[in-house]
>>> print(open('input.txt').read())   # compact mmCIF, C-alpha atoms
# COMPACT_ATOMS: atom_id res chain seq x y z
CA MET A 96 0.00 0.00 0.00
CA ASN A 97 1.35 3.45 -0.94
CA TYR A 98 1.01 5.16 2.44
CA LYS A 99 1.03 8.95 2.64
CA ILE A 100 3.30 10.32 5.37
CA LEU A 101 3.40 13.96 6.49
CA VAL A 102 6.74 15.14 7.96
CA VAL A 103 6.67 18.42 9.92
CA ASP A 104 9.90 20.14 11.03
CA ASP A 105 11.04 23.76 10.94
CA GLU A 106 14.65 22.63 10.33
CA GLN A 107 15.10 22.18 6.57
CA ASN A 108 17.98 19.67 6.76
CA GLN A 109 16.12 17.37 9.18
CA ARG A 110 12.94 17.65 7.12
CA THR A 111 14.75 16.81 3.88
CA VAL A 112 16.67 13.85 5.33
CA LEU A 113 13.52 12.30 6.78
CA GLY A 114 11.58 12.88 3.57
CA LYS A 115 14.18 11.26 1.29
CA PHE A 116 14.63 8.29 3.66
CA LEU A 117 10.89 7.57 3.79
CA GLU A 118 10.55 7.95 0.00
CA SER A 119 13.37 5.42 -0.46
CA ASN A 120 11.29 2.96 1.59
CA GLY A 121 8.25 3.28 -0.65
CA TYR A 122 6.22 5.99 1.12
CA LYS A 123 4.69 9.05 -0.50
CA VAL A 124 5.94 11.97 1.57
CA PHE A 125 4.52 15.45 2.20
CA LEU A 126 6.78 18.04 3.87
CA ALA A 127 5.69 20.98 6.04
CA GLU A 128 7.92 23.59 7.71
CA SER A 129 5.31 24.61 10.28
CA GLY A 130 2.29 23.37 12.17
CA GLU A 131 0.07 25.80 10.29
CA GLN A 132 1.21 24.44 6.92
CA ALA A 133 0.74 20.87 8.18
CA ILE A 134 -2.89 21.57 9.10
CA GLU A 135 -3.59 22.83 5.56
CA ILE A 136 -2.11 19.62 4.10
CA LEU A 137 -4.16 17.47 6.50
CA LYS A 138 -7.32 19.22 5.32
CA LYS A 139 -6.56 18.59 1.63
CA GLU A 140 -4.88 15.15 1.66
CA THR A 141 -5.73 11.76 3.19
CA ILE A 142 -2.63 11.35 5.34
CA ASP A 143 -1.90 7.92 6.85
CA ALA A 144 0.67 9.02 9.47
CA LEU A 145 2.16 12.23 10.85
CA ILE A 146 5.75 12.68 12.03
CA THR A 147 6.37 16.01 13.76
CA ASP A 148 9.08 17.74 15.72
CA MET A 149 8.13 18.66 19.27
CA LYS A 150 9.47 22.22 19.41
CA MET A 151 8.96 24.45 16.39
CA LYS A 152 8.51 28.15 15.74
CA GLY A 153 4.88 29.16 15.82
CA MET A 154 2.60 26.20 16.45
CA SER A 155 4.26 23.61 18.69
CA GLY A 156 4.18 19.87 18.10
CA LYS A 157 1.79 19.50 21.02
CA ASP A 158 -0.67 22.03 19.56
CA LEU A 159 -0.36 20.40 16.13
CA LEU A 160 -1.16 17.03 17.73
CA LYS A 161 -4.39 18.35 19.25
CA LYS A 162 -5.60 19.92 16.00
CA ALA A 163 -4.59 16.92 13.89
CA LYS A 164 -6.52 14.59 16.22
CA MET A 165 -9.59 16.80 15.83
CA LEU A 166 -9.38 16.32 12.07
CA ASN A 167 -8.67 12.56 12.28
CA PRO A 168 -8.90 10.83 15.71
CA LEU A 169 -7.35 7.62 14.32
CA LEU A 170 -4.31 9.31 12.74
CA PRO A 171 -1.00 7.78 13.96
CA ILE A 172 1.35 10.53 15.18
CA ILE A 173 5.05 10.07 16.02
CA VAL A 174 6.70 12.94 17.89
CA ILE A 175 10.40 13.80 17.54
CA THR A 176 11.94 15.28 20.68
CA ALA A 177 15.34 16.33 22.00
CA PHE A 178 16.97 13.83 24.34
CA GLY A 179 16.42 16.03 27.40
CA SER A 180 12.70 16.48 26.65
CA VAL A 181 11.53 12.89 27.07
CA GLU A 182 9.15 13.90 29.87
CA ASP A 183 7.54 16.40 27.48
CA ALA A 184 7.19 13.65 24.88
CA VAL A 185 5.49 11.34 27.35
CA GLU A 186 3.07 14.15 28.17
CA VAL A 187 2.31 14.53 24.46
CA MET A 188 1.68 10.78 24.20
CA ARG A 189 -0.87 11.09 26.97
CA ALA A 190 -2.54 13.71 24.81
CA GLY A 191 -2.86 11.23 21.93
CA ALA A 192 0.51 10.74 20.22
CA SER A 193 1.18 7.15 19.14
CA ASP A 194 4.91 7.09 19.90
CA TYR A 195 8.00 9.28 20.14
CA ILE A 196 11.66 9.17 19.08
CA THR A 197 14.60 11.19 20.38
CA LYS A 198 17.18 13.24 18.49
CA PRO A 199 19.47 12.47 16.79
CA VAL A 200 16.89 10.40 14.92
CA ASN A 201 17.80 6.75 14.31
CA LEU A 202 16.23 6.28 10.87
CA GLN A 203 15.84 2.50 11.16
CA GLU A 204 14.19 2.87 14.58
CA LEU A 205 11.84 5.46 13.10
CA LEU A 206 10.97 3.10 10.23
CA ILE A 207 10.13 0.27 12.67
CA LYS A 208 7.93 2.54 14.79
CA LEU A 209 6.18 3.93 11.69
CA ARG A 210 5.39 0.46 10.31
CA LYS A 211 4.02 -0.64 13.68
CA GLU A 212 1.75 2.39 13.96
CA LEU A 213 0.48 2.00 10.39
CA GLU A 214 -0.43 -1.63 11.12
CA ARG A 215 -2.28 -0.55 14.28
CA ALA A 216 -4.13 2.10 12.30
CA VAL A 217 -5.32 -0.48 9.77
CA ILE A 218 -6.72 -2.65 12.58
CA ALA A 219 -8.39 0.38 14.18
CA LYS A 220 -10.07 1.27 10.87
CA GLU A 221 -11.24 -2.31 10.40
CA ASN A 222 -12.70 -2.34 13.93
CA GLU A 223 -14.51 0.91 13.21
CA GLN A 224 -15.86 -0.51 9.95
CA LEU A 225 -16.94 -3.64 11.82
CA ARG A 226 -18.93 -1.60 14.35
CA LYS A 227 -20.66 0.30 11.55
CA GLU A 228 -21.55 -2.92 9.71
CA ILE A 229 -22.95 -4.50 12.88
CA ILE A 230 -25.14 -1.44 13.43
CA ASP A 231 -26.12 -1.16 9.75
CA ARG A 232 -27.14 -4.81 9.53
CA SER A 233 -29.19 -4.54 12.74
CA ILE A 234 -27.90 -7.68 14.44
CA SER A 235 -30.42 -8.57 17.14
CA GLU A 236 -28.00 -8.61 20.06
CA LYS A 237 -24.73 -6.75 19.61
CA ILE A 238 -21.49 -7.97 21.07
CA ILE A 239 -20.99 -5.40 23.80
CA THR A 240 -17.35 -4.77 24.64
CA LYS A 241 -14.49 -2.35 25.03
CA ASN A 242 -12.04 -5.08 26.06
CA GLU A 243 -8.88 -5.07 23.91
CA LYS A 244 -8.83 -8.84 23.45
CA MET A 245 -12.49 -8.87 22.42
CA LEU A 246 -11.87 -6.06 19.92
CA GLU A 247 -9.06 -8.13 18.39
CA ILE A 248 -11.46 -11.09 18.20
CA LEU A 249 -14.07 -8.95 16.44
CA ASN A 250 -11.42 -7.88 13.97
CA ILE A 251 -10.58 -11.51 13.19
CA ALA A 252 -14.28 -12.37 12.96
CA TYR A 253 -14.87 -9.46 10.58
CA ARG A 254 -12.14 -10.65 8.21
CA ALA A 255 -13.17 -14.30 8.51
CA ALA A 256 -16.75 -13.38 7.60
CA LYS A 257 -15.62 -12.23 4.15
CA THR A 258 -14.52 -15.79 3.30
CA ASP A 259 -15.99 -19.30 3.50
CA ALA A 260 -13.13 -20.63 5.65
CA PRO A 261 -14.27 -22.92 8.51
CA VAL A 262 -14.18 -21.23 11.92
CA LEU A 263 -13.70 -22.95 15.28
CA ILE A 264 -14.82 -20.93 18.32
CA LEU A 265 -13.41 -22.00 21.68
CA GLY A 266 -14.44 -20.82 25.12
CA GLU A 267 -16.16 -21.68 28.39
CA SER A 268 -19.91 -22.17 28.54
CA GLY A 269 -21.80 -18.89 28.51
CA THR A 270 -19.08 -16.78 26.84
CA GLY A 271 -21.18 -16.04 23.74
CA LYS A 272 -19.93 -18.57 21.19
CA GLU A 273 -23.25 -18.78 19.32
CA LEU A 274 -23.64 -15.00 19.33
CA LEU A 275 -20.20 -14.65 17.73
CA ALA A 276 -21.11 -17.32 15.17
CA ARG A 277 -24.31 -15.44 14.30
CA THR A 278 -22.30 -12.22 13.99
CA ILE A 279 -19.91 -13.85 11.52
CA HIS A 280 -22.91 -15.11 9.52
CA GLU A 281 -24.59 -11.68 9.54
CA LEU A 282 -21.39 -10.04 8.27
CA SER A 283 -20.89 -12.62 5.51
CA GLU A 284 -22.19 -12.75 1.95
CA ARG A 285 -24.44 -15.64 3.08
CA ASN A 286 -26.43 -13.46 5.48
CA ASN A 287 -29.62 -13.59 3.38
CA ASN A 288 -29.67 -17.38 3.74
CA PRO A 289 -30.29 -19.55 6.84
CA PHE A 290 -28.18 -19.72 9.99
CA VAL A 291 -28.79 -23.27 11.23
CA PRO A 292 -27.58 -24.14 14.77
CA VAL A 293 -27.20 -27.71 16.08
CA ASN A 294 -26.49 -28.55 19.72
CA CYS A 295 -24.43 -31.71 19.25
CA ALA A 296 -24.23 -32.44 22.99
CA ALA A 297 -28.01 -32.70 23.32
CA LEU A 298 -28.44 -35.56 20.82
CA ASN A 299 -27.32 -39.19 20.84
CA ALA A 300 -25.51 -40.68 17.83
CA GLY A 301 -28.61 -41.99 16.02
CA VAL A 302 -30.69 -38.85 16.47
CA LEU A 303 -27.75 -36.57 15.62
CA GLU A 304 -27.09 -38.42 12.36
CA SER A 305 -30.74 -38.07 11.35
CA GLU A 306 -30.73 -34.38 12.34
CA LEU A 307 -27.62 -33.64 10.30
CA PHE A 308 -28.19 -35.81 7.22
CA GLY A 309 -31.97 -36.15 7.22
CA HIS A 310 -33.71 -39.42 6.42
CA GLU A 311 -35.81 -41.06 3.74
CA LYS A 312 -39.36 -42.24 4.33
CA GLY A 313 -39.28 -45.68 5.96
CA ALA A 314 -35.58 -45.47 6.88
CA PHE A 315 -36.43 -46.60 10.41
CA THR A 316 -39.44 -47.10 12.66
CA GLY A 317 -41.23 -43.80 12.96
CA ALA A 318 -39.78 -42.31 9.74
CA THR A 319 -43.20 -41.77 8.17
CA SER A 320 -42.02 -39.10 5.73
CA LEU A 321 -38.89 -37.70 4.11
CA LYS A 322 -36.98 -35.28 6.32
CA LYS A 323 -34.26 -32.90 5.20
CA GLY A 324 -31.27 -32.65 7.54
CA ARG A 325 -29.43 -29.57 8.80
CA PHE A 326 -26.86 -29.76 5.98
CA GLU A 327 -29.64 -29.26 3.44
CA LEU A 328 -31.48 -26.69 5.55
CA ALA A 329 -28.29 -24.61 5.70
CA GLU A 330 -28.05 -24.46 1.90
CA LYS A 331 -26.06 -21.37 0.86
CA GLY A 332 -26.10 -20.31 4.51
CA THR A 333 -24.18 -21.19 7.67
CA LEU A 334 -24.24 -24.43 9.69
CA PHE A 335 -23.27 -23.91 13.33
CA LEU A 336 -22.23 -27.09 15.16
CA ASP A 337 -22.24 -26.18 18.85
CA GLU A 338 -20.34 -28.48 21.23
CA ILE A 339 -18.70 -30.29 18.31
CA GLY A 340 -16.38 -32.00 20.78
CA ASP A 341 -19.32 -34.16 21.88
CA ILE A 342 -20.00 -35.68 18.44
CA PRO A 343 -19.59 -39.51 18.57
CA LEU A 344 -16.70 -40.96 16.53
CA GLU A 345 -19.02 -42.77 14.10
CA VAL A 346 -20.69 -39.47 13.20
CA GLN A 347 -17.31 -37.70 13.02
CA VAL A 348 -16.31 -39.99 10.16
CA LYS A 349 -19.40 -39.04 8.16
CA LEU A 350 -18.98 -35.34 8.94
CA LEU A 351 -15.40 -35.46 7.66
CA ARG A 352 -16.59 -37.04 4.41
CA VAL A 353 -19.17 -34.27 3.93
CA LEU A 354 -16.54 -31.57 4.47
CA GLN A 355 -14.26 -33.25 1.94
CA GLU A 356 -16.81 -34.09 -0.76
CA ARG A 357 -19.58 -31.53 -0.10
CA GLU A 358 -22.17 -34.26 -0.65
CA ILE A 359 -24.49 -36.13 1.71
CA GLU A 360 -26.65 -39.22 1.73
CA ARG A 361 -29.81 -39.18 3.82
CA VAL A 362 -30.23 -41.99 6.35
CA GLY A 363 -31.84 -44.89 4.50
CA GLY A 364 -31.04 -43.39 1.09
CA THR A 365 -28.46 -43.93 -1.65
CA LYS A 366 -28.78 -40.69 -3.61
CA ARG A 367 -25.81 -38.34 -3.28
CA ILE A 368 -27.02 -34.79 -2.66
CA PRO A 369 -24.65 -31.81 -3.15
CA VAL A 370 -24.65 -29.29 -0.28
CA ASP A 371 -23.36 -25.72 -0.08
CA PHE A 372 -22.85 -24.36 3.44
CA ARG A 373 -20.31 -22.47 5.55
CA LEU A 374 -19.25 -24.35 8.70
CA ILE A 375 -18.74 -22.69 12.08
CA SER A 376 -18.05 -24.96 15.05
CA ALA A 377 -17.77 -24.33 18.78
CA THR A 378 -16.75 -26.24 21.87
CA ASN A 379 -15.77 -25.75 25.50
CA LYS A 380 -13.66 -28.92 25.40
CA ASN A 381 -9.90 -29.28 24.86
CA LEU A 382 -9.90 -30.93 21.44
CA GLN A 383 -6.15 -31.59 21.49
CA LYS A 384 -6.61 -33.63 24.66
CA ALA A 385 -9.62 -35.39 23.10
CA ILE A 386 -7.46 -36.33 20.11
CA GLU A 387 -4.79 -37.80 22.41
CA GLU A 388 -7.49 -39.80 24.21
CA GLY A 389 -8.87 -41.09 20.90
CA LYS A 390 -12.21 -39.31 21.34
CA PHE A 391 -11.83 -36.85 18.46
CA ARG A 392 -10.43 -37.41 14.98
CA GLU A 393 -7.26 -35.46 14.21
CA ASP A 394 -8.11 -35.18 10.48
CA LEU A 395 -11.51 -33.69 11.35
CA PHE A 396 -9.86 -31.25 13.76
CA TYR A 397 -7.66 -29.85 10.99
CA ARG A 398 -10.70 -29.52 8.74
CA ILE A 399 -12.71 -27.42 11.18
CA ASN A 400 -10.06 -25.13 12.71
CA VAL A 401 -8.75 -23.21 9.71
CA ILE A 402 -9.54 -20.06 11.71
CA THR A 403 -9.61 -20.47 15.49
CA ILE A 404 -11.11 -17.87 17.82
CA GLU A 405 -10.92 -18.27 21.60
CA LEU A 406 -13.38 -16.21 23.62
CA PRO A 407 -12.15 -15.01 27.03
CA PRO A 408 -14.25 -15.71 30.14
CA LEU A 409 -16.14 -12.79 31.65
CA ARG A 410 -13.75 -12.64 34.62
CA GLU A 411 -11.07 -11.48 32.15
CA ARG A 412 -13.37 -8.76 30.76
CA LYS A 413 -14.02 -6.77 33.95
CA GLU A 414 -14.13 -3.47 32.04
CA ASP A 415 -17.17 -4.82 30.13
CA LEU A 416 -19.22 -5.50 33.26
CA PRO A 417 -20.77 -2.00 33.59
CA LEU A 418 -21.79 -2.09 29.89
CA LEU A 419 -23.28 -5.58 30.15
CA ILE A 420 -25.06 -4.87 33.44
CA ASP A 421 -26.67 -1.77 31.95
CA TYR A 422 -27.63 -3.65 28.76
CA TYR A 423 -29.34 -6.55 30.56
CA LEU A 424 -31.03 -4.27 33.09
CA ASN A 425 -32.67 -2.32 30.26
CA LYS A 426 -33.44 -5.48 28.30
CA TRP A 427 -35.30 -7.27 31.10
CA ALA A 428 -36.97 -4.13 32.46
CA ASN A 429 -38.40 -3.39 29.00
CA HIS A 430 -39.29 -7.06 28.40
CA TYR A 431 -41.30 -7.37 31.62
CA GLY A 432 -42.55 -3.77 31.68
CA ILE A 433 -41.05 -3.20 35.12
CA ASN A 434 -39.97 0.30 36.17
CA VAL A 435 -36.42 -0.30 37.41
CA LYS A 436 -33.86 2.53 37.26
CA GLY A 437 -30.75 0.81 38.56
CA PHE A 438 -29.01 -0.87 41.50
CA THR A 439 -28.17 0.19 45.01
CA LYS A 440 -24.47 0.74 45.68
CA GLU A 441 -24.17 -2.55 47.60
CA ALA A 442 -25.90 -4.57 44.87
CA TYR A 443 -23.92 -2.92 42.07
CA ASN A 444 -20.60 -3.55 43.82
CA LYS A 445 -21.57 -7.20 44.21
CA LEU A 446 -22.25 -7.51 40.50
CA LEU A 447 -18.89 -5.90 39.70
CA THR A 448 -16.86 -8.14 42.04
CA TYR A 449 -18.55 -11.52 41.46
CA HIS A 450 -16.44 -13.92 39.36
CA TYR A 451 -19.27 -15.37 37.15
CA PRO A 452 -18.31 -19.03 36.58
CA GLY A 453 -21.27 -19.17 34.17
CA ASN A 454 -19.98 -16.10 32.31
CA ILE A 455 -22.32 -13.77 30.39
CA ARG A 456 -25.21 -16.24 30.48
CA GLU A 457 -25.05 -16.28 34.29
CA LEU A 458 -24.90 -12.47 34.46
CA ALA A 459 -27.98 -12.21 32.22
CA ASN A 460 -29.88 -14.72 34.40
CA ILE A 461 -28.92 -12.97 37.65
CA ILE A 462 -30.16 -9.62 36.37
CA GLN A 463 -33.32 -11.17 34.90
CA ARG A 464 -34.15 -12.67 38.29
CA ALA A 465 -33.30 -9.40 40.07
CA VAL A 466 -35.59 -7.38 37.79
CA VAL A 467 -38.51 -9.76 38.27
CA LEU A 468 -38.05 -9.86 42.05
CA SER A 469 -37.24 -6.16 42.47
CA ARG A 470 -39.03 -4.40 45.34
CA GLY A 471 -38.68 -0.85 44.05
CA GLU A 472 -37.03 1.39 41.48
CA TYR A 473 -33.56 0.37 42.62
CA ILE A 474 -32.54 -3.30 42.85
CA ASN A 475 -30.98 -4.07 46.23
CA PHE A 476 -28.60 -6.69 47.58
CA VAL A 477 -31.40 -9.10 48.50
CA ASP A 478 -32.96 -8.89 45.01
CA ILE A 479 -29.79 -10.26 43.38
CA GLY A 480 -29.64 -13.15 45.87
CA GLY A 481 -28.06 -11.47 48.88
CA ASP A 482 -30.35 -12.81 51.59
CA GLY A 483 -27.53 -14.21 53.66
CA LYS A 484 -28.20 -17.78 52.57
CA HIS A 485 -27.34 -17.59 48.89
CA ILE A 486 -24.40 -15.16 48.82
CA ASP A 487 -21.11 -15.79 50.54
CA LYS A 488 -19.54 -12.32 50.82
CA LYS A 489 -16.06 -13.66 51.45
CA SER A 490 -15.84 -16.14 48.59
CA ASP A 491 -18.15 -14.21 46.24
CA ASN A 492 -20.21 -17.33 45.54
CA PHE A 493 -23.93 -16.79 45.08
CA PHE A 494 -24.67 -20.30 46.37
CA LYS A 495 -22.61 -21.98 49.08
CA PRO A 496 -21.68 -25.57 48.06
CA GLY A 497 -23.24 -28.12 50.38
CA GLU A 498 -25.88 -25.77 51.78
CA VAL A 499 -28.42 -26.49 49.09
CA LYS A 500 -28.71 -28.83 46.11
CA LEU A 501 -28.81 -27.31 42.63
CA SER A 502 -32.34 -28.58 41.97
CA GLU A 503 -33.55 -27.05 45.26
CA ALA A 504 -31.90 -23.71 44.47
CA ILE A 505 -33.52 -23.60 41.02
CA GLU A 506 -36.93 -24.45 42.49
CA LYS A 507 -36.57 -21.73 45.13
CA ILE A 508 -35.72 -19.10 42.50
CA GLU A 509 -38.54 -20.30 40.22
CA LYS A 510 -41.08 -20.12 43.05
CA GLU A 511 -39.97 -16.59 44.01
CA MET A 512 -40.21 -15.40 40.39
CA ILE A 513 -43.73 -16.83 40.00
CA ILE A 514 -44.97 -15.22 43.23
CA LYS A 515 -43.44 -11.87 42.26
CA ALA A 516 -44.91 -12.03 38.74
CA LEU A 517 -48.38 -12.81 40.11
CA GLU A 518 -48.11 -9.89 42.53
CA LYS A 519 -47.09 -7.48 39.77
CA CYS A 520 -49.93 -8.71 37.56
CA ASN A 521 -52.53 -8.54 40.36
CA GLY A 522 -53.04 -12.28 40.19
CA VAL A 523 -53.90 -12.36 36.45
CA GLN A 524 -52.29 -15.65 35.43
CA THR A 525 -52.34 -14.94 31.69
CA LYS A 526 -50.25 -11.78 32.17
CA ALA A 527 -47.96 -13.44 34.72
CA ALA A 528 -47.29 -16.35 32.36
CA GLU A 529 -46.48 -13.90 29.56
CA MET A 530 -44.14 -11.97 31.86
CA LEU A 531 -42.33 -15.20 32.80
CA GLY A 532 -42.13 -16.41 29.19
CA ILE A 533 -44.08 -19.63 29.82
CA SER A 534 -47.53 -20.92 28.90
CA GLU A 535 -50.50 -20.36 31.22
CA ARG A 536 -50.90 -24.13 31.50
CA ASN A 537 -47.27 -24.47 32.62
CA LEU A 538 -47.79 -21.66 35.13
CA ARG A 539 -50.80 -23.42 36.67
CA TYR A 540 -48.79 -26.66 36.93
CA LYS A 541 -45.93 -24.89 38.72
CA MET A 542 -48.31 -23.06 41.06
CA GLN A 543 -49.75 -26.43 42.05
CA LYS A 544 -46.26 -27.95 42.37
CA TYR A 545 -44.99 -25.16 44.66
CA LYS A 546 -48.36 -24.81 46.44
CA ILE A 547 -48.72 -21.19 45.43
CA LYS A 548 -52.17 -19.84 46.20
CA LYS A 549 -54.08 -17.66 43.76
CA ILE A 550 -53.81 -13.96 44.49
>>> encode(input="input.txt", output="structure tokens")
Amino acid sequence: MNYKILVVDDEQNQRTVLGKFLESNGYKVFLAESGEQAIEILKKETIDALITDMKMKGMSGKDLLKKAKMLNPLLPIIVITAFGSVEDAVEVMRAGASDYITKPVNLQELLIKLRKELERAVIAKENEQLRKEIIDRSISEKIITKNEKMLEILNIAYRAAKTDAPVLILGESGTGKELLARTIHELSERNNNPFVPVNCAALNAGVLESELFGHEKGAFTGATSLKKGRFELAEKGTLFLDEIGDIPLEVQVKLLRVLQEREIERVGGTKRIPVDFRLISATNKNLQKAIEEGKFREDLFYRINVITIELPPLRERKEDLPLLIDYYLNKWANHYGINVKGFTKEAYNKLLTYHYPGNIRELANIIQRAVVLSRGEYINFVDIGGDGKHIDKKSDNFFKPGEVKLSEAIEKIEKEMIIKALEKCNGVQTKAAEMLGISERNLRYKMQKYKIKKI
């Protein structure tokens, strides 16, 4: 790429030397003898990087930096400073400079720094373009983040979406693997065609094979009609195999053949059917260990992980917690029509310090429960589970191991949510069921199960 570099220095010899050196390395160079002249060039030309002396007659390098950043916030700026003015250079970097170099200028060092900053600028532009595309394409639930690692992941996802290369998404349960897969699909050229998810862990070998490949009428007992499988349903779209590490070996063999030949045979059939789909896989398992244990085929592994993306757990994205808390608070408050403005200080601090072993899914569930059970405009410590029995303040665990079984804890929460929903709906079961996202029949069953009296 023929990058355009603007060199600003009021010393002609320094300006000329830098200009000729950069031109000899393939850059198109613009020279300015003052900050004022540099601003005029920045207004007329699309400059990719700015190199400026710190101290100049008239406009200083620091003032030039501020004005240049107003014109282009993403512009990489390298400041040249005298050896004794390093503290001044650091101050300028805090104001937005990308890097600095001391006099006398080491040209090779300058070249290395310039190349690094240009690469960073390209990534920054791609991230900005990614955000715009996500907004423009109105993805139902955005990936909410300002975490550096997550932004790098979005950049990889954005570039991967422009191809049909298989993607393998790794990460703990609840980190948003399916959401990332949907985002890649939405940003791809296949976005007008189906996104077809399959939870491989939820199906045994026989059912999974029928789900993936489909079956012919009469293929087995109960196969009363022809059924297309997920490969066919994902035609010209994206097939998302969630928990691919749980696929039985006998199905792995058939999946490998499909990826190699791009043809399938329905269960009970002999006709070879061509299929056109983009594969995205996900797992929370260590596939390398599974290969060593003979539970996952190595040849299949290399087929599915052309591009590998590993999502960090929520505990490594602490700076995202305020954004996610605010998002889910608004989401559930609007969904249930409950007037909740926020959290008390104690409750909010708890949400910020909890370690979330269930990741984003657990955070969403905690806030959903808190909104439903809220006692006023501000959710308090008790509403998020802080009743002394379910939150251990020292260990930050919402449920103490050994105190209560998981099934009992779930039933307790479910009963509280039903009672609260009935209270908010003045005992109207139809509205309460709608608020809880269940059928009225299911609500009546649970009321009978938990011996909840009609209000």
>>> closest_residue(input="input.txt", among="A:Tyr540, A:Tyr473, A:Tyr431, A:Tyr449", to="A:Lys515", atoms="only C-alpha atoms")
A:Tyr431
>>> atom_distance(input="input.txt", atom1="atom CA of A:Asn294", atom2="atom CA of A:Tyr423")
24.7 Å
>>> atom_distance(input="input.txt", atom1="atom CA of A:Thr365", atom2="atom CA of A:Phe335")
25.5 Å
>>> residues_around(input="input.txt", residues="A:Phe326", least_positions_apart="2", cutoff="8 Å", atoms="only C-alpha atoms", output="short mmCIF file (atom, residue, chain, number, x, y, z; two decimals) with C-alpha atoms, keeping the file's coordinate frame")
data_model
loop_
_atom_site.label_atom_id
_atom_site.label_comp_id
_atom_site.auth_asym_id
_atom_site.auth_seq_id
_atom_site.Cartn_x
_atom_site.Cartn_y
_atom_site.Cartn_z
CA LEU A 307 -27.62 -33.64 10.30
CA PHE A 308 -28.19 -35.81 7.22
CA GLY A 324 -31.27 -32.65 7.54
CA LEU A 328 -31.48 -26.69 5.55
CA ALA A 329 -28.29 -24.61 5.70
CA GLU A 330 -28.05 -24.46 1.90
CA LEU A 334 -24.24 -24.43 9.69
CA VAL A 370 -24.65 -29.29 -0.28
CA PHE A 372 -22.85 -24.36 3.44
#
>>> atom_distance(input="input.txt", atom1="atom CA of A:Lys211", atom2="atom CA of A:Ile402")
23.8 Å
>>> residues_around(input="input.txt", residues="A:Met245", least_positions_apart="2", cutoff="12 Å", atoms="only C-alpha atoms", output="MDAnalysis selection string")
chainID A and resid 222 238:243 247:252 270:271 275 404:409 411:415
>>> write_last_selection(input="input.txt", atoms="C-alpha atoms", output="PDB file, in the coordinates of the input")
ATOM      1  CA  ASN A 222     -12.700  -2.340  13.930  1.00  0.00           C
ATOM      2  CA  ILE A 238     -21.490  -7.970  21.070  1.00  0.00           C
ATOM      3  CA  ILE A 239     -20.990  -5.400  23.800  1.00  0.00           C
ATOM      4  CA  THR A 240     -17.350  -4.770  24.640  1.00  0.00           C
ATOM      5  CA  LYS A 241     -14.490  -2.350  25.030  1.00  0.00           C
ATOM      6  CA  ASN A 242     -12.040  -5.080  26.060  1.00  0.00           C
ATOM      7  CA  GLU A 243      -8.880  -5.070  23.910  1.00  0.00           C
ATOM      8  CA  GLU A 247      -9.060  -8.130  18.390  1.00  0.00           C
ATOM      9  CA  ILE A 248     -11.460 -11.090  18.200  1.00  0.00           C
ATOM     10  CA  LEU A 249     -14.070  -8.950  16.440  1.00  0.00           C
ATOM     11  CA  ASN A 250     -11.420  -7.880  13.970  1.00  0.00           C
ATOM     12  CA  ILE A 251     -10.580 -11.510  13.190  1.00  0.00           C
ATOM     13  CA  ALA A 252     -14.280 -12.370  12.960  1.00  0.00           C
ATOM     14  CA  THR A 270     -19.080 -16.780  26.840  1.00  0.00           C
ATOM     15  CA  GLY A 271     -21.180 -16.040  23.740  1.00  0.00           C
ATOM     16  CA  LEU A 275     -20.200 -14.650  17.730  1.00  0.00           C
ATOM     17  CA  ILE A 404     -11.110 -17.870  17.820  1.00  0.00           C
ATOM     18  CA  GLU A 405     -10.920 -18.270  21.600  1.00  0.00           C
ATOM     19  CA  LEU A 406     -13.380 -16.210  23.620  1.00  0.00           C
ATOM     20  CA  PRO A 407     -12.150 -15.010  27.030  1.00  0.00           C
ATOM     21  CA  PRO A 408     -14.250 -15.710  30.140  1.00  0.00           C
ATOM     22  CA  LEU A 409     -16.140 -12.790  31.650  1.00  0.00           C
ATOM     23  CA  GLU A 411     -11.070 -11.480  32.150  1.00  0.00           C
ATOM     24  CA  ARG A 412     -13.370  -8.760  30.760  1.00  0.00           C
ATOM     25  CA  LYS A 413     -14.020  -6.770  33.950  1.00  0.00           C
ATOM     26  CA  GLU A 414     -14.130  -3.470  32.040  1.00  0.00           C
ATOM     27  CA  ASP A 415     -17.170  -4.820  30.130  1.00  0.00           C
TER      28      ASP A 415
END
>>> decode(input="input.txt", residues="stretch 118-123 of chain A", atoms="N, CA and C atoms", output="mmCIF file, in the first residue's frame")
data_model
loop_
_atom_site.group_PDB
_atom_site.id
_atom_site.type_symbol
_atom_site.label_atom_id
_atom_site.label_comp_id
_atom_site.auth_asym_id
_atom_site.auth_seq_id
_atom_site.Cartn_x
_atom_site.Cartn_y
_atom_site.Cartn_z
ATOM 1 N N GLU A 118 10.826 8.182 1.430
ATOM 2 C CA GLU A 118 10.549 7.947 0.003
ATOM 3 C C GLU A 118 11.312 6.736 -0.504
ATOM 4 N N SER A 119 12.561 6.565 -0.034
ATOM 5 C CA SER A 119 13.374 5.417 -0.464
ATOM 6 C C SER A 119 12.805 4.097 0.045
ATOM 7 N N ASN A 120 11.931 4.165 1.053
ATOM 8 C CA ASN A 120 11.289 2.959 1.592
ATOM 9 C C ASN A 120 9.857 2.791 1.089
ATOM 10 N N GLY A 121 9.516 3.511 0.023
ATOM 11 C CA GLY A 121 8.247 3.285 -0.652
ATOM 12 C C GLY A 121 7.088 4.136 -0.209
ATOM 13 N N TYR A 122 7.308 5.139 0.647
ATOM 14 C CA TYR A 122 6.222 5.989 1.117
ATOM 15 C C TYR A 122 6.110 7.255 0.270
ATOM 16 N N LYS A 123 4.893 7.756 0.129
ATOM 17 C CA LYS A 123 4.686 9.048 -0.503
ATOM 18 C C LYS A 123 4.742 10.099 0.604
#
